[in-house]
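Next up, target-v3.txt (compact mmCIF, C-alpha atoms and all ligand atoms):
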```
# COMPACT_ATOMS: atom_id res chain seq x y z
CA MET G 527 134.10 107.74 126.80
CA THR G 528 136.32 104.90 125.62
CA ALA G 529 136.38 103.85 122.00
CA ASP G 530 134.76 100.56 122.97
CA SER G 531 131.81 102.00 124.78
CA SER G 532 131.05 104.48 122.02
CA ALA G 533 131.15 101.66 119.46
CA SER G 534 128.70 99.68 121.53
CA ASP G 535 126.48 102.76 122.01
CA GLN G 536 126.34 103.07 118.23
CA LEU G 537 125.47 99.40 117.88
CA ALA G 538 122.71 99.76 120.47
CA ALA G 539 121.28 102.81 118.70
CA ARG G 540 121.23 101.07 115.32
CA LEU G 541 119.74 97.95 116.85
CA ASP G 542 116.95 99.88 118.58
CA GLY G 543 116.26 101.63 115.27
CA VAL G 544 115.85 98.25 113.55
CA LEU G 545 113.61 96.92 116.33
CA ALA G 546 111.42 100.03 116.13
CA ARG G 547 111.06 99.63 112.36
CA LEU G 548 110.18 95.97 112.80
CA ASP G 549 107.68 96.61 115.61
CA ASP G 550 106.00 99.51 113.81
CA ALA G 551 105.55 97.46 110.65
CA ALA G 552 104.20 94.55 112.69
CA GLU G 553 101.76 96.79 114.50
CA ARG G 554 100.51 98.29 111.23
CA SER G 555 99.72 94.78 110.03
CA GLY G 556 98.20 93.53 113.27
CA ARG G 557 101.15 91.30 114.10
CA ASP G 558 103.40 90.93 117.14
CA GLY G 559 106.94 92.09 116.35
CA ARG G 560 108.30 89.83 119.06
CA ALA G 561 107.04 86.78 117.21
CA ILE G 562 109.23 87.63 114.21
CA THR G 563 112.75 86.24 114.34
CA LEU G 564 115.49 88.80 113.86
CA LEU G 565 118.31 86.97 112.15
CA MET G 566 121.66 88.75 112.32
CA ALA G 567 123.44 88.46 108.98
CA THR G 568 126.96 88.22 110.37
CA LYS G 569 129.11 88.16 107.24
CA THR G 570 132.43 90.03 107.70
CA ARG G 571 131.69 90.79 111.39
CA THR G 572 133.98 89.84 114.26
CA PRO G 573 132.99 87.45 117.06
CA GLN G 574 133.16 90.43 119.44
CA GLU G 575 130.63 92.48 117.43
CA ILE G 576 128.31 89.50 117.06
CA ALA G 577 128.51 88.64 120.76
CA THR G 578 127.72 92.24 121.70
CA VAL G 579 124.58 92.31 119.56
CA ILE G 580 123.44 88.92 120.86
CA GLU G 581 123.72 90.21 124.40
CA MET G 582 121.72 93.35 123.55
CA LEU G 583 118.98 91.38 121.84
CA ARG G 584 118.75 89.04 124.78
CA GLU G 585 118.38 91.99 127.14
CA ARG G 586 115.53 93.16 124.94
CA GLY G 587 113.87 89.74 125.01
CA ARG G 588 113.82 89.17 121.25
CA GLU G 589 113.60 86.03 119.10
CA ILE G 590 117.00 85.85 117.47
CA ALA G 591 119.19 83.75 115.21
CA VAL G 592 122.59 84.18 113.62
CA GLY G 593 123.00 83.61 109.90
CA GLU G 594 126.22 82.80 108.10
CA ASN G 595 126.69 83.32 104.38
CA ARG G 596 130.02 81.77 103.87
CA ALA G 597 130.97 78.24 104.76
CA GLN G 598 134.50 79.58 105.37
CA GLU G 599 133.20 81.89 108.10
CA ILE G 600 131.42 79.17 110.05
CA ALA G 601 134.67 78.48 111.88
CA LYS G 602 134.49 81.82 113.66
CA HIS G 603 131.58 80.51 115.68
CA ALA G 604 134.02 78.20 117.41
CA ASP G 605 135.39 81.39 119.00
CA PRO G 606 134.95 81.24 122.79
CA LEU G 607 132.74 84.36 122.62
CA LEU G 608 130.21 82.55 120.48
CA ALA G 609 130.62 78.85 121.14
CA ASP G 610 127.67 77.24 122.89
CA ASN G 611 125.80 80.52 123.35
CA GLY G 612 122.49 78.82 122.60
CA VAL G 613 121.51 81.15 119.74
CA PRO G 614 120.05 79.21 116.80
CA ARG G 615 122.47 79.12 113.87
CA HIS G 616 121.24 79.40 110.33
CA PHE G 617 122.90 79.31 106.94
CA ILE G 618 121.72 81.91 104.42
CA GLY G 619 124.39 81.95 101.72
CA ARG G 620 124.92 80.34 98.34
CA LEU G 621 125.39 76.63 98.90
CA GLN G 622 128.03 74.51 97.26
CA THR G 623 127.81 70.73 97.33
CA ASN G 624 131.40 70.43 98.60
CA LYS G 625 130.49 72.54 101.66
CA ALA G 626 127.34 70.61 102.53
CA ARG G 627 129.00 68.76 105.37
CA ASP G 628 130.10 71.96 107.16
CA VAL G 629 126.74 73.60 106.65
CA VAL G 630 124.80 70.60 107.98
CA ALA G 631 127.04 70.43 111.04
CA PHE G 632 126.62 74.15 111.75
CA ALA G 633 123.09 75.20 110.88
CA GLU G 634 119.83 73.99 112.33
CA LEU G 635 117.96 75.90 109.61
CA ILE G 636 119.34 76.14 106.08
CA HIS G 637 117.60 78.95 104.12
CA SER G 638 119.13 78.60 100.70
CA VAL G 639 118.24 75.30 99.03
CA ASP G 640 118.26 76.60 95.47
CA ARG G 641 119.03 73.51 93.40
CA THR G 642 118.13 69.85 93.46
CA ASP G 643 121.73 68.68 93.72
CA ILE G 644 122.14 70.80 96.86
CA ALA G 645 119.17 69.09 98.46
CA ASP G 646 120.70 65.71 97.64
CA ALA G 647 124.11 66.69 99.05
CA LEU G 648 122.56 68.02 102.27
CA GLU G 649 120.49 64.86 102.71
CA ARG G 650 123.55 62.67 102.24
CA ARG G 651 125.62 64.67 104.73
CA ALA G 652 122.81 64.89 107.28
CA ASP G 653 122.36 61.14 107.03
CA MET G 654 126.09 60.55 107.59
CA ALA G 655 126.08 62.92 110.57
CA GLY G 656 122.92 61.41 112.04
CA LEU G 657 121.20 64.83 112.05
CA VAL G 658 117.83 66.12 110.91
CA ARG G 659 117.84 69.67 109.55
CA ASP G 660 115.08 72.13 108.74
CA VAL G 661 115.40 73.74 105.33
CA LEU G 662 113.81 76.50 103.29
CA VAL G 663 113.52 76.50 99.52
CA GLN G 664 115.01 79.64 97.99
CA VAL G 665 112.83 81.26 95.36
CA ASN G 666 113.88 83.90 92.86
CA THR G 667 110.87 86.20 93.13
CA SER G 668 112.50 89.14 91.33
CA GLY G 669 113.66 87.36 88.20
CA GLU G 670 117.09 88.98 88.61
CA GLU G 671 119.71 86.76 87.01
CA SER G 672 122.27 87.38 89.74
CA LYS G 673 120.02 85.66 92.27
CA GLY G 674 119.71 81.98 92.94
CA GLY G 675 116.50 80.14 93.54
CA PHE G 676 113.67 78.28 91.93
CA ALA G 677 111.20 80.11 89.72
CA PRO G 678 108.25 81.51 91.68
CA THR G 679 105.73 78.98 90.45
CA LEU G 680 104.18 75.87 91.95
CA GLU G 681 105.49 73.91 88.94
CA ALA G 682 109.05 74.82 89.91
CA VAL G 683 108.74 74.61 93.68
CA GLY G 684 106.43 71.60 94.01
CA PRO G 685 108.96 68.97 92.87
CA ILE G 686 111.75 70.19 95.17
CA LEU G 687 109.34 70.28 98.11
CA ASP G 688 108.31 66.71 97.31
CA ARG G 689 111.92 65.65 97.13
CA LEU G 690 112.73 67.31 100.45
CA ARG G 691 109.73 65.76 102.10
CA ALA G 692 110.90 62.34 100.91
CA SER G 693 114.39 62.99 102.37
CA GLU G 694 114.66 61.36 105.76
CA HIS G 695 117.01 63.97 107.23
CA LEU G 696 115.62 67.21 105.81
CA ARG G 697 112.35 68.88 106.70
CA PRO G 698 110.98 71.62 104.42
CA VAL G 699 109.52 74.30 106.71
CA GLY G 700 109.17 77.30 104.42
CA LEU G 701 110.43 79.52 101.63
CA MET G 702 113.13 82.18 101.38
CA THR G 703 113.74 85.01 98.97
CA ILE G 704 115.90 88.06 98.41
CA GLY G 705 113.61 90.93 97.40
CA ALA G 706 113.93 92.86 94.16
CA ASN G 707 116.99 95.10 94.13
CA THR G 708 115.30 98.40 93.36
CA SER G 709 114.19 101.57 95.11
CA ASP G 710 110.68 101.02 93.70
CA ALA G 711 108.77 99.92 96.79
CA ASN G 712 105.90 98.55 94.72
CA GLN G 713 108.21 96.22 92.87
CA VAL G 714 109.81 95.07 96.14
CA ARG G 715 106.38 94.49 97.64
CA ALA G 716 105.25 92.50 94.62
CA SER G 717 108.24 90.17 94.89
CA LEU G 718 107.79 89.62 98.62
CA ARG G 719 104.05 89.18 98.37
CA GLY G 720 104.71 86.63 95.65
CA LEU G 721 106.64 84.51 98.13
CA ARG G 722 103.80 84.52 100.63
CA GLU G 723 101.26 83.60 97.97
CA LEU G 724 103.49 80.81 96.72
CA ARG G 725 103.91 79.45 100.25
CA ASP G 726 100.15 79.50 100.82
CA GLN G 727 99.58 77.72 97.52
CA ALA G 728 102.28 75.13 98.14
CA ARG G 729 101.14 74.48 101.68
CA GLU G 730 97.69 73.67 100.44
CA GLN G 731 98.32 71.95 97.15
CA CYS G 732 101.35 69.93 98.26
CA ASP G 733 99.63 69.11 101.55
CA LEU G 734 102.49 70.53 103.64
CA PRO G 735 100.94 72.21 106.68
CA GLU G 736 104.42 72.57 108.20
CA LEU G 737 105.44 74.98 105.43
CA GLU G 738 105.16 78.04 107.68
CA GLN G 739 108.34 80.08 107.48
CA LEU G 740 108.84 83.06 105.20
CA SER G 741 112.44 84.27 105.31
CA MET G 742 112.42 87.65 103.60
CA GLY G 743 113.35 91.25 104.31
CA MET G 744 116.81 92.76 104.79
CA SER G 745 118.10 96.15 105.96
CA GLY G 746 116.44 98.04 103.13
CA ASP G 747 113.06 96.34 102.91
CA LEU G 748 112.28 94.82 106.29
CA GLU G 749 109.10 96.86 106.84
CA ILE G 750 107.60 95.70 103.56
CA ALA G 751 108.59 92.13 104.35
CA VAL G 752 106.94 92.23 107.77
CA GLU G 753 103.79 93.72 106.25
CA GLU G 754 103.78 90.90 103.71
CA GLY G 755 104.10 88.18 106.34
CA ALA G 756 107.82 87.55 106.97
CA THR G 757 108.46 85.22 109.91
CA ILE G 758 112.25 85.72 109.75
CA VAL G 759 113.96 88.94 108.65
CA ARG G 760 117.69 88.82 107.85
CA VAL G 761 119.45 92.03 108.81
CA GLY G 762 123.12 92.94 108.53
CA SER G 763 124.17 96.50 107.77
CA ALA G 764 121.26 98.23 109.54
CA ILE G 765 122.49 96.61 112.78
CA PHE G 766 126.25 96.43 112.35
CA GLY G 767 126.85 99.42 110.05
CA ALA G 768 127.93 99.43 106.43
CA ARG G 769 130.22 96.60 105.36
CA ALA G 770 133.77 97.56 104.45
C1 LIG G 801 123.97 89.97 103.72
C2 LIG G 801 122.67 89.30 103.60
C3 LIG G 801 121.53 89.81 104.25
C4 LIG G 801 121.57 91.11 105.03
O1 LIG G 801 121.81 92.17 104.18
P1 LIG G 801 121.81 93.67 104.72
O2 LIG G 801 121.40 94.47 103.54
O3 LIG G 801 123.18 93.95 105.19
O4 LIG G 801 120.81 93.73 105.80
C5 LIG G 801 120.35 89.10 104.13
N1 LIG G 801 120.25 87.97 103.41
C6 LIG G 801 121.31 87.46 102.77
C7 LIG G 801 121.15 86.20 102.00
C8 LIG G 801 122.54 88.11 102.83
O5 LIG G 801 123.58 87.61 102.17
```
Please express the file's structure as structure tokens.
Amino acid sequence: MTADSSASDQLAARLDGVLARLDDAAERSGRDGRAITLLMATKTRTPQEIATVIEMLRERGREIAVGENRAQEIAKHADPLLADNGVPRHFIGRLQTNKARDVVAFAELIHSVDRTDIADALERRADMAGLVRDVLVQVNTSGEESKGGFAPTLEAVGPILDRLRASEHLRPVGLMTIGANTSDANQVRASLRGLRELRDQAREQCDLPELEQLSMGMSGDLEIAVEEGATIVRVGSAIFGARA
């Protein structure tokens, strides 16, 4: 076997493992795994690796998206292997106002609106580019200081949702979180459940029926996230292997 084919066999095996975890968790909670978007977290990966996984997911008929973390890495999607491949492109990383233009140009869904000034910068750049972008509000459901996001309360999230709704070029369509960084599954579940409850509350009390998306769950906690209602899971290392 050539080095290339064994690398792609390994990718396929990891990918099928992830899909089985996702489908099992969906089945346990009476959901359809195929209705949950599998977002590939592509940070540090090469265009070749990303293109290979896209092809495999297409063969398997899955809802997919690619997610970039780093504005500097967006450029790799101009690679001929990835350009115009029709896979929805998302941005999932920490946003900086001076990168808002690149992010708006690249991503049709921006997961990580974690401050008011970011929302304002995205609106300004989307307006200049003549684009309308869907956005998620990032919520810090774990209380960990290293994580960005609004506090997990309606008092904190309501005003940013109102501001986004008033922005002509941004449409708030859901919430995003990074689960608690712990091996205690109960604590992880509590943080992810908190996001769903907050979305339900905000949808009702802010009169935002379009607030549907829940972006939560990564390699380590995707089953819990699916059980708690995730509509998009963001998976990197469980598909591509450990990052260098
Ligand atoms: C890297 C990353 C992921 C995926 O993490 P893995 O543990 O590799 O699955 C998900 N969400 C965000 C915001 C990330 O930066």
Skipping near chain neighbours, those fewer than 4 positions away, what residues fall within 7 Å of stretch 596-607 of chain G using all atoms listed in the file, listed as a ChimeraX atom specification?
/G:573-574,577,619,625,628-629
Please provide the set of residues having any atom within 7 Å of stretch 660-675 of chain G, restricted to all atoms listed in the file, with same-chain residues fewer than 4 positions apart removed, written as a VMD selection string.
chain G and resid 634 to 640 696 to 703 705 to 706 717 720 to 721
Distance query G:Ala652 at most 7 Å, only C-alpha atoms, self and fewer than 4 positions along chain excluded, as a tab-separated table (two decimals) with C-alpha atoms, in the coordinates of the input:
```tsv
chain	number	residue	atom	x	y	z
G	630	VAL	CA	124.80	70.60	107.98
G	648	LEU	CA	122.56	68.02	102.27
G	656	GLY	CA	122.92	61.41	112.04
G	657	LEU	CA	121.20	64.83	112.05
G	658	VAL	CA	117.83	66.12	110.91
G	695	HIS	CA	117.01	63.97	107.23
```
Please check which residues have atoms at most 7 Å from (118.0, 80.2, 114.5) in the file's coordinates, counting all atoms listed in the file, and write them as a list in words.
Ile590, Ala591, Val592, Val613, Pro614, Arg615, His616, Glu634 and Leu635 of chain G
Would you please work out which residue, of G:Leu565, G:Leu734, G:Leu680, G:Ala647, is nearest to ligand LIG 801 (chain G) when using all atoms listed in the file?
G:Leu565
Calculated over only C-alpha atoms, which of the candidates G:Ala567, G:Ile576, G:Ala716, G:Ala645 has the smallest distance to G:Ser693?
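Closest to G:Ser693, using only C-alpha atoms: G:Ala645.
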G:Val752 surroundings by only C-alpha atoms, 12 Å radius, close-in-sequence under 3 positions cut, as a PyMOL selection string
chain G and resi 545+547-564+715+718-719+722+740-745+747-749+755-760
Distance atom CA of G:Val714-atom CA of G:Ile750, one decimal place?
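Atom-to-atom, atom CA of G:Val714 and atom CA of G:Ile750 are spaced 7.8 Å apart.
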d(atom CA of G:Thr623, atom CA of G:Asn707) in Å
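For atom CA of G:Thr623 relative to atom CA of G:Asn707, the distance reads 26.9 Å.
Counting only C-alpha atoms and all ligand atoms and comparing G:Thr578, G:Gln536, G:Asn595, G:Ser531, the residue that lies closest to ligand LIG 801 (chain G) is G:Asn595.
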I need the residue nearest ligand LIG 801 (chain G) from this list: G:Gln739, G:Ser534, G:Thr642, G:Thr568. Use all atoms listed in the file for the distance.
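Of the candidates, the smallest distance to ligand LIG 801 (chain G) is held by G:Thr568.
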Any chance you could export stretch 707-721 of chain G with N, CA, C and O atoms, as a PDB file, in the first residue's frame?
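And here's out11.pdb as it stands now:
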```
ATOM      1  N   ASN G 707     -14.250  22.436  29.931  1.00  0.00           N
ATOM      2  CA  ASN G 707     -13.026  21.670  29.675  1.00  0.00           C
ATOM      3  C   ASN G 707     -12.728  20.786  30.890  1.00  0.00           C
ATOM      4  O   ASN G 707     -11.922  21.120  31.741  1.00  0.00           O
ATOM      5  N   THR G 708     -13.419  19.660  30.954  1.00  0.00           N
ATOM      6  CA  THR G 708     -13.271  18.775  32.101  1.00  0.00           C
ATOM      7  C   THR G 708     -13.668  17.364  31.671  1.00  0.00           C
ATOM      8  O   THR G 708     -14.399  17.193  30.698  1.00  0.00           O
ATOM      9  N   SER G 709     -13.156  16.364  32.402  1.00  0.00           N
ATOM     10  CA  SER G 709     -13.561  14.995  32.092  1.00  0.00           C
ATOM     11  C   SER G 709     -14.865  14.637  32.810  1.00  0.00           C
ATOM     12  O   SER G 709     -15.385  13.533  32.649  1.00  0.00           O
ATOM     13  N   ASP G 710     -15.399  15.557  33.600  1.00  0.00           N
ATOM     14  CA  ASP G 710     -16.659  15.315  34.319  1.00  0.00           C
ATOM     15  C   ASP G 710     -17.844  15.519  33.354  1.00  0.00           C
ATOM     16  O   ASP G 710     -18.227  16.643  33.035  1.00  0.00           O
ATOM     17  N   ALA G 711     -18.392  14.399  32.895  1.00  0.00           N
ATOM     18  CA  ALA G 711     -19.446  14.468  31.874  1.00  0.00           C
ATOM     19  C   ALA G 711     -20.667  15.249  32.360  1.00  0.00           C
ATOM     20  O   ALA G 711     -21.347  15.902  31.563  1.00  0.00           O
ATOM     21  N   ASN G 712     -20.929  15.200  33.646  1.00  0.00           N
ATOM     22  CA  ASN G 712     -22.093  15.933  34.160  1.00  0.00           C
ATOM     23  C   ASN G 712     -21.908  17.437  34.026  1.00  0.00           C
ATOM     24  O   ASN G 712     -22.856  18.163  33.719  1.00  0.00           O
ATOM     25  N   GLN G 713     -20.677  17.866  34.258  1.00  0.00           N
ATOM     26  CA  GLN G 713     -20.397  19.294  34.146  1.00  0.00           C
ATOM     27  C   GLN G 713     -20.469  19.730  32.671  1.00  0.00           C
ATOM     28  O   GLN G 713     -20.982  20.802  32.358  1.00  0.00           O
ATOM     29  N   VAL G 714     -19.949  18.890  31.783  1.00  0.00           N
ATOM     30  CA  VAL G 714     -20.034  19.196  30.351  1.00  0.00           C
ATOM     31  C   VAL G 714     -21.502  19.281  29.937  1.00  0.00           C
ATOM     32  O   VAL G 714     -21.940  20.220  29.278  1.00  0.00           O
ATOM     33  N   ARG G 715     -22.267  18.280  30.365  1.00  0.00           N
ATOM     34  CA  ARG G 715     -23.684  18.259  29.995  1.00  0.00           C
ATOM     35  C   ARG G 715     -24.410  19.500  30.509  1.00  0.00           C
ATOM     36  O   ARG G 715     -25.215  20.103  29.799  1.00  0.00           O
ATOM     37  N   ALA G 716     -24.091  19.897  31.736  1.00  0.00           N
ATOM     38  CA  ALA G 716     -24.762  21.079  32.297  1.00  0.00           C
ATOM     39  C   ALA G 716     -24.462  22.314  31.459  1.00  0.00           C
ATOM     40  O   ALA G 716     -25.353  23.132  31.198  1.00  0.00           O
ATOM     41  N   SER G 717     -23.213  22.445  30.983  1.00  0.00           N
ATOM     42  CA  SER G 717     -22.888  23.652  30.213  1.00  0.00           C
ATOM     43  C   SER G 717     -23.587  23.622  28.850  1.00  0.00           C
ATOM     44  O   SER G 717     -24.085  24.641  28.384  1.00  0.00           O
ATOM     45  N   LEU G 718     -23.657  22.454  28.239  1.00  0.00           N
ATOM     46  CA  LEU G 718     -24.286  22.368  26.915  1.00  0.00           C
ATOM     47  C   LEU G 718     -25.813  22.490  27.015  1.00  0.00           C
ATOM     48  O   LEU G 718     -26.453  23.138  26.185  1.00  0.00           O
ATOM     49  N   ARG G 719     -26.352  21.880  28.056  1.00  0.00           N
ATOM     50  CA  ARG G 719     -27.803  22.022  28.252  1.00  0.00           C
ATOM     51  C   ARG G 719     -28.159  23.482  28.495  1.00  0.00           C
ATOM     52  O   ARG G 719     -29.192  23.980  28.045  1.00  0.00           O
ATOM     53  N   GLY G 720     -27.270  24.165  29.200  1.00  0.00           N
ATOM     54  CA  GLY G 720     -27.499  25.590  29.474  1.00  0.00           C
ATOM     55  C   GLY G 720     -27.656  26.382  28.186  1.00  0.00           C
ATOM     56  O   GLY G 720     -28.456  27.314  28.111  1.00  0.00           O
ATOM     57  N   LEU G 721     -26.896  26.020  27.161  1.00  0.00           N
ATOM     58  CA  LEU G 721     -26.993  26.755  25.899  1.00  0.00           C
ATOM     59  C   LEU G 721     -28.357  26.522  25.255  1.00  0.00           C
ATOM     60  O   LEU G 721     -28.974  27.444  24.724  1.00  0.00           O
TER      61      LEU G 721
END
```
